[in-house]
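Asks: Here you go, this is coords.tsv (TSV, C-alpha atoms).
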```
chain	number	residue	atom	x	y	z
A	254	SER	CA	0.00	0.00	0.00
A	255	ARG	CA	1.00	3.64	-0.29
A	256	VAL	CA	1.37	3.96	3.51
A	257	GLU	CA	3.61	0.88	3.71
A	258	LEU	CA	5.78	2.23	0.89
A	259	CYS	CA	6.12	5.51	2.75
A	260	VAL	CA	7.09	3.63	5.93
A	261	VAL	CA	9.68	1.58	4.05
A	262	GLN	CA	11.14	4.67	2.38
A	263	SER	CA	11.33	6.55	5.70
A	264	THR	CA	12.88	3.56	7.44
A	265	LEU	CA	15.39	3.04	4.66
A	266	SER	CA	16.37	6.71	4.85
A	267	ILE	CA	17.08	6.48	8.56
A	268	CYS	CA	18.75	3.08	8.27
A	269	SER	CA	21.01	4.26	5.45
A	270	VAL	CA	22.46	6.92	7.74
A	271	TYR	CA	23.41	4.26	10.29
A	272	HIS	CA	24.05	1.47	7.73
A	273	GLU	CA	21.88	-0.95	9.66
A	274	PHE	CA	18.37	-1.61	10.90
A	275	SER	CA	19.06	-0.23	14.36
A	276	PRO	CA	17.10	0.64	17.50
A	277	LEU	CA	17.00	4.21	16.15
A	278	CYS	CA	14.87	2.93	13.29
A	279	PHE	CA	12.48	1.39	15.81
A	280	ALA	CA	12.45	4.64	17.78
A	281	TYR	CA	11.58	6.58	14.63
A	282	LEU	CA	8.79	4.19	13.69
A	283	HIS	CA	7.46	4.19	17.25
A	284	HIS	CA	7.54	8.00	17.31
A	285	CYS	CA	5.44	8.00	14.15
A	286	SER	CA	3.10	5.38	15.69
A	287	LEU	CA	3.84	2.94	12.89
A	288	ILE	CA	3.93	-0.84	13.05
A	289	ILE	CA	6.46	-2.96	11.20
A	290	THR	CA	4.16	-5.39	9.45
A	291	PRO	CA	5.41	-8.65	7.94
A	292	GLN	CA	5.08	-6.98	4.50
A	293	ILE	CA	7.26	-4.04	5.56
A	294	LEU	CA	9.84	-6.36	7.11
A	295	SER	CA	9.87	-8.43	3.93
A	296	THR	CA	10.46	-5.31	1.83
A	297	LEU	CA	13.27	-4.23	4.14
A	298	LYS	CA	14.86	-7.65	3.77
A	299	LYS	CA	14.56	-7.49	-0.02
A	300	ARG	CA	16.28	-4.11	0.02
A	301	ASN	CA	19.37	-5.79	1.52
A	302	MET	CA	19.17	-4.27	4.98
A	303	ALA	CA	22.05	-6.15	6.57
A	304	GLN	CA	20.45	-6.79	9.94
A	305	ALA	CA	16.79	-6.87	8.92
A	306	ALA	CA	16.94	-10.61	8.24
A	307	GLN	CA	18.16	-11.38	11.74
A	308	ILE	CA	16.36	-8.71	13.76
A	309	ASN	CA	13.79	-9.82	16.31
A	310	VAL	CA	10.83	-7.53	15.78
A	311	LEU	CA	8.77	-6.78	18.86
A	312	GLU	CA	5.67	-5.23	17.37
A	313	LEU	CA	5.65	-1.71	18.68
A	314	ASN	CA	1.92	-1.23	19.16
A	315	THR	CA	1.38	-4.60	20.81
A	316	PRO	CA	1.04	-4.26	24.59
A	317	ILE	CA	3.85	-5.88	26.55
A	318	ARG	CA	2.36	-8.76	28.54
A	319	VAL	CA	4.08	-9.66	31.81
A	320	GLU	CA	3.54	-13.18	33.14
A	321	HIS	CA	4.02	-14.06	36.82
A	322	ASP	CA	5.28	-17.55	37.65
A	323	ARG	CA	4.86	-17.79	41.42
A	324	LYS	CA	6.37	-21.25	41.56
A	325	ARG	CA	9.62	-20.13	39.91
A	326	ARG	CA	9.40	-16.72	41.60
A	327	GLN	CA	9.81	-14.71	38.44
A	328	PHE	CA	8.09	-12.25	36.14
A	329	THR	CA	8.68	-12.76	32.42
A	330	VAL	CA	7.93	-11.20	29.05
A	331	ARG	CA	8.03	-13.48	26.02
A	332	LEU	CA	9.77	-11.79	23.15
A	333	ASN	CA	8.07	-12.45	19.81
A	334	GLY	CA	6.84	-15.84	20.94
A	335	SER	CA	10.39	-17.13	20.77
A	336	HIS	CA	12.48	-18.71	23.47
A	337	ASP	CA	13.94	-15.30	24.31
A	338	ARG	CA	12.52	-13.85	27.47
A	339	ALA	CA	13.02	-10.84	29.64
A	340	VAL	CA	12.94	-11.80	33.32
A	341	LEU	CA	12.75	-10.34	36.81
A	342	LEU	CA	13.74	-12.74	39.59
A	343	TYR	CA	12.74	-12.56	43.24
A	344	GLU	CA	12.99	-14.70	46.38
A	345	TYR	CA	11.07	-14.79	49.62
A	346	VAL	CA	13.46	-13.88	52.43
A	347	GLY	CA	10.83	-13.96	55.15
A	348	LYS	CA	7.17	-14.85	55.52
A	349	ARG	CA	6.00	-11.46	54.18
A	350	THR	CA	9.24	-10.14	52.65
A	351	VAL	CA	10.62	-10.53	49.13
A	352	ASP	CA	13.96	-9.62	47.65
A	353	LEU	CA	13.65	-8.29	44.10
A	354	GLN	CA	17.01	-9.57	42.95
A	355	HIS	CA	17.65	-9.25	39.25
A	356	THR	CA	16.16	-7.93	36.02
A	357	GLU	CA	17.47	-8.99	32.64
A	358	VAL	CA	16.43	-8.06	29.11
A	359	PRO	CA	18.31	-9.57	26.13
A	360	ASP	CA	20.54	-7.03	24.39
A	361	ALA	CA	18.48	-6.99	21.19
A	362	TYR	CA	15.40	-5.85	23.13
A	363	ARG	CA	16.89	-3.22	25.44
A	364	GLY	CA	15.66	0.35	25.36
A	365	ARG	CA	12.04	-0.56	24.61
A	366	GLY	CA	10.57	-0.24	28.11
A	367	ILE	CA	10.40	-3.97	28.80
A	368	ALA	CA	12.27	-3.78	32.11
A	369	LYS	CA	9.95	-0.99	33.21
A	370	HIS	CA	6.94	-3.28	32.68
A	371	LEU	CA	8.63	-6.04	34.68
A	372	ALA	CA	9.47	-3.63	37.50
A	373	LYS	CA	5.91	-2.29	37.63
A	374	ALA	CA	4.47	-5.81	37.74
A	375	ALA	CA	6.81	-6.78	40.57
A	376	MET	CA	6.06	-3.67	42.63
A	377	ASP	CA	2.32	-4.07	42.02
A	378	PHE	CA	2.64	-7.67	43.25
A	379	VAL	CA	4.35	-6.44	46.43
A	380	VAL	CA	1.49	-3.96	46.98
A	381	GLU	CA	-1.32	-6.41	46.16
A	382	GLU	CA	0.09	-9.09	48.45
A	383	ASP	CA	0.87	-6.51	51.17
A	384	LEU	CA	4.53	-7.56	51.28
A	385	LYS	CA	7.74	-5.75	52.18
A	386	ALA	CA	10.55	-5.66	49.63
A	387	HIS	CA	14.33	-5.48	49.56
A	388	LEU	CA	15.45	-3.95	46.28
A	389	THR	CA	18.72	-5.72	45.47
A	390	CYS	CA	18.28	-5.10	41.74
A	391	TRP	CA	19.62	-1.69	40.70
A	392	TYR	CA	16.95	-1.35	38.02
A	393	ILE	CA	14.10	-1.82	40.50
A	394	GLN	CA	15.75	0.79	42.74
A	395	LYS	CA	15.83	3.17	39.76
A	396	TYR	CA	12.21	2.38	38.86
A	397	VAL	CA	10.95	3.13	42.38
A	398	LYS	CA	13.01	6.33	42.51
A	399	GLU	CA	11.50	7.47	39.18
A	400	ASN	CA	7.98	6.32	40.22
A	401	PRO	CA	7.81	7.25	43.92
A	402	GLN	CA	4.25	6.11	44.51
A	403	PRO	CA	3.38	6.05	48.22
A	404	GLN	CA	2.17	2.44	48.02
A	405	TYR	CA	5.63	1.44	46.71
A	406	LEU	CA	7.67	3.56	49.11
A	407	GLU	CA	5.93	2.30	52.23
A	408	ARG	CA	6.81	-1.30	51.36
A	409	VAL	CA	10.50	-0.82	50.52
A	410	LEU	CA	12.96	-1.88	53.20
A	411	HIS	CA	16.18	0.11	53.40
```
Could you express the structure from this file as structure tokens?
Replies:
Amino acid sequence: SRVELCVVQSTLSICSVYHEFSPLCFAYLHHCSLIITPQILSTLKKRNMAQAAQINVLELNTPIRVEHDRKRRQFTVRLNGSHDRAVLLYEYVGKRTVDLQHTEVPDAYRGRGIAKHLAKAAMDFVVEEDLKAHLTCWYIQKYVKENPQPQYLERVLH
């Protein structure tokens, strides 16, 4: 379609500056509220974009869905239905106390707000279950500092 052609041309223009299909291309498309459809990705591949063939496309307008596995004590986001996952790990360190230990997002998916969704889910869990939390993970510390909601702050142990 005419819109898809415009998206491809705009993306190619940005990508040609950086000689790759980079996170900046995603940022541009996201800023313009555009989705990389399979047709657009196919066109990009045909136009010999070096990394387009191997890029993992997380559709930009698809909501990020966080899953909570209580048994494994982790929050996860599946990335494009593949085996790649972003994860936030926690442990119970007391009857009503958790330690939010570690957040990890694969390199190819960083900078897209995935860790922020994991952090929010974990802090909302702490609030909903009326728990206290140690924030061992530096990213969770940053998230709470940037989102100083009273319900979060009153549950953080220092």
Asks: Nearest to Val351 (chain A) among A:Leu388, A:Ile393, A:Ile367, A:Ala339, with distances taken over all atoms listed in the file: which residue is it?
Replies: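 Answer, going by the shortest atom-to-atom distance: A:Leu388.
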Asks: Restricting the calculation to only C-alpha atoms: of A:Asn400, A:Thr389, A:Thr356, A:Gln394, which residue gets closest to Val330 (chain A)?
Replies: A:Thr356
Asks: Rank A:Gln354, A:Gln404, A:Asn333, A:Gln327 by their smallest atom-to-atom distance to Asp383 (chain A), using all atoms listed in the file, and report the top residue only.
Replies: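 Looking only at the distances to Asp383 (chain A), the closest residue turns out to be A:Gln404.
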Asks: Out of A:Met376, A:His370, A:Leu342, A:Ala361, which residue has the shortest atom-to-atom distance to Pro316 (chain A) when counting only C-alpha atoms?
Replies: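 Residue with the minimum atom-to-atom distance to Pro316 (chain A): A:His370.
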Asks: Compile the contact shell of Glu357 (chain A) as a list in words: residues with an atom at most 8 Å away, counting all atoms listed in the file, same-chain residues fewer than 3 positions apart removed.
Replies: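 Contacts, in chain order: Ala339, Val340, Leu341 and Ala368 of chain A.
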Asks: Kindly export the residues of the current selection with C-alpha atoms, as a PDB file, in the frame of the given file.
Replies:
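Okay, result-v9.pdb is ready:
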```
ATOM      1  CA  ALA A 339      13.020 -10.840  29.640  1.00  0.00           C
ATOM      2  CA  VAL A 340      12.940 -11.800  33.320  1.00  0.00           C
ATOM      3  CA  LEU A 341      12.750 -10.340  36.810  1.00  0.00           C
ATOM      4  CA  ALA A 368      12.270  -3.780  32.110  1.00  0.00           C
TER       5      ALA A 368
END
```
Asks: Fewer than 5 positions away in the same chain doesn't count, so skip those; otherwise give me all residues within 10 Å of Ile317 (chain A), counting all atoms listed in the file, as a VMD selection string.
Replies: chain A and resid 311 to 312 330 to 332 365 to 367 370 to 371
Asks: How many Å separate CA of Glu399 (chain A) from CA of Tyr362 (chain A)?
Replies: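 So the answer is 21.2 Å.
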Asks: Tell me, in Å to one decimal, how far CA of Lys385 (chain A) is from CA of Val409 (chain A).
Replies: 5.9 Å
Asks: Which distance in Å separates CA of His387 (chain A) and CA of Tyr343 (chain A), to one decimal?
Replies: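 Distance between the two atoms: 9.6 Å.
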Asks: Hey, which of A:Arg349, A:Arg325, A:His336, A:Lys395 ends up closest to Lys373 (chain A)? Count all atoms listed in the file.
Replies: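 Once distances to Lys373 (chain A) are computed over all atoms listed in the file, the minimum belongs to A:Lys395.
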Asks: May I have the residues within 7 Å of Glu344 (chain A) as a list in words, using all atoms listed in the file and disregarding those fewer than 2 positions away in the same chain?
Replies: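 What passes the distance filter is Arg326, Val346, Val351, Asp352 and Leu353 of chain A.
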Asks: Enclose the full set of atoms of region 336-342 of chain A listed in the file within a box whose edges lie along x, y and z, apply 3 Å of padding to each of the six sides, and report centre and edge lengths in Å to one decimal as AutoDock Vina command-line options.
Replies:
```
--center_x 13.2 --center_y -14.5 --center_z 31.5 --size_x 7.5 --size_y 14.4 --size_z 22.1
```
Asks: With distances taken over all atoms listed in the file, which of A:Leu410, A:Tyr392, A:Ala386, A:Gly364 is nearest to Thr350 (chain A)?
Replies: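 Closest to Thr350 (chain A) of all the choices is A:Ala386.
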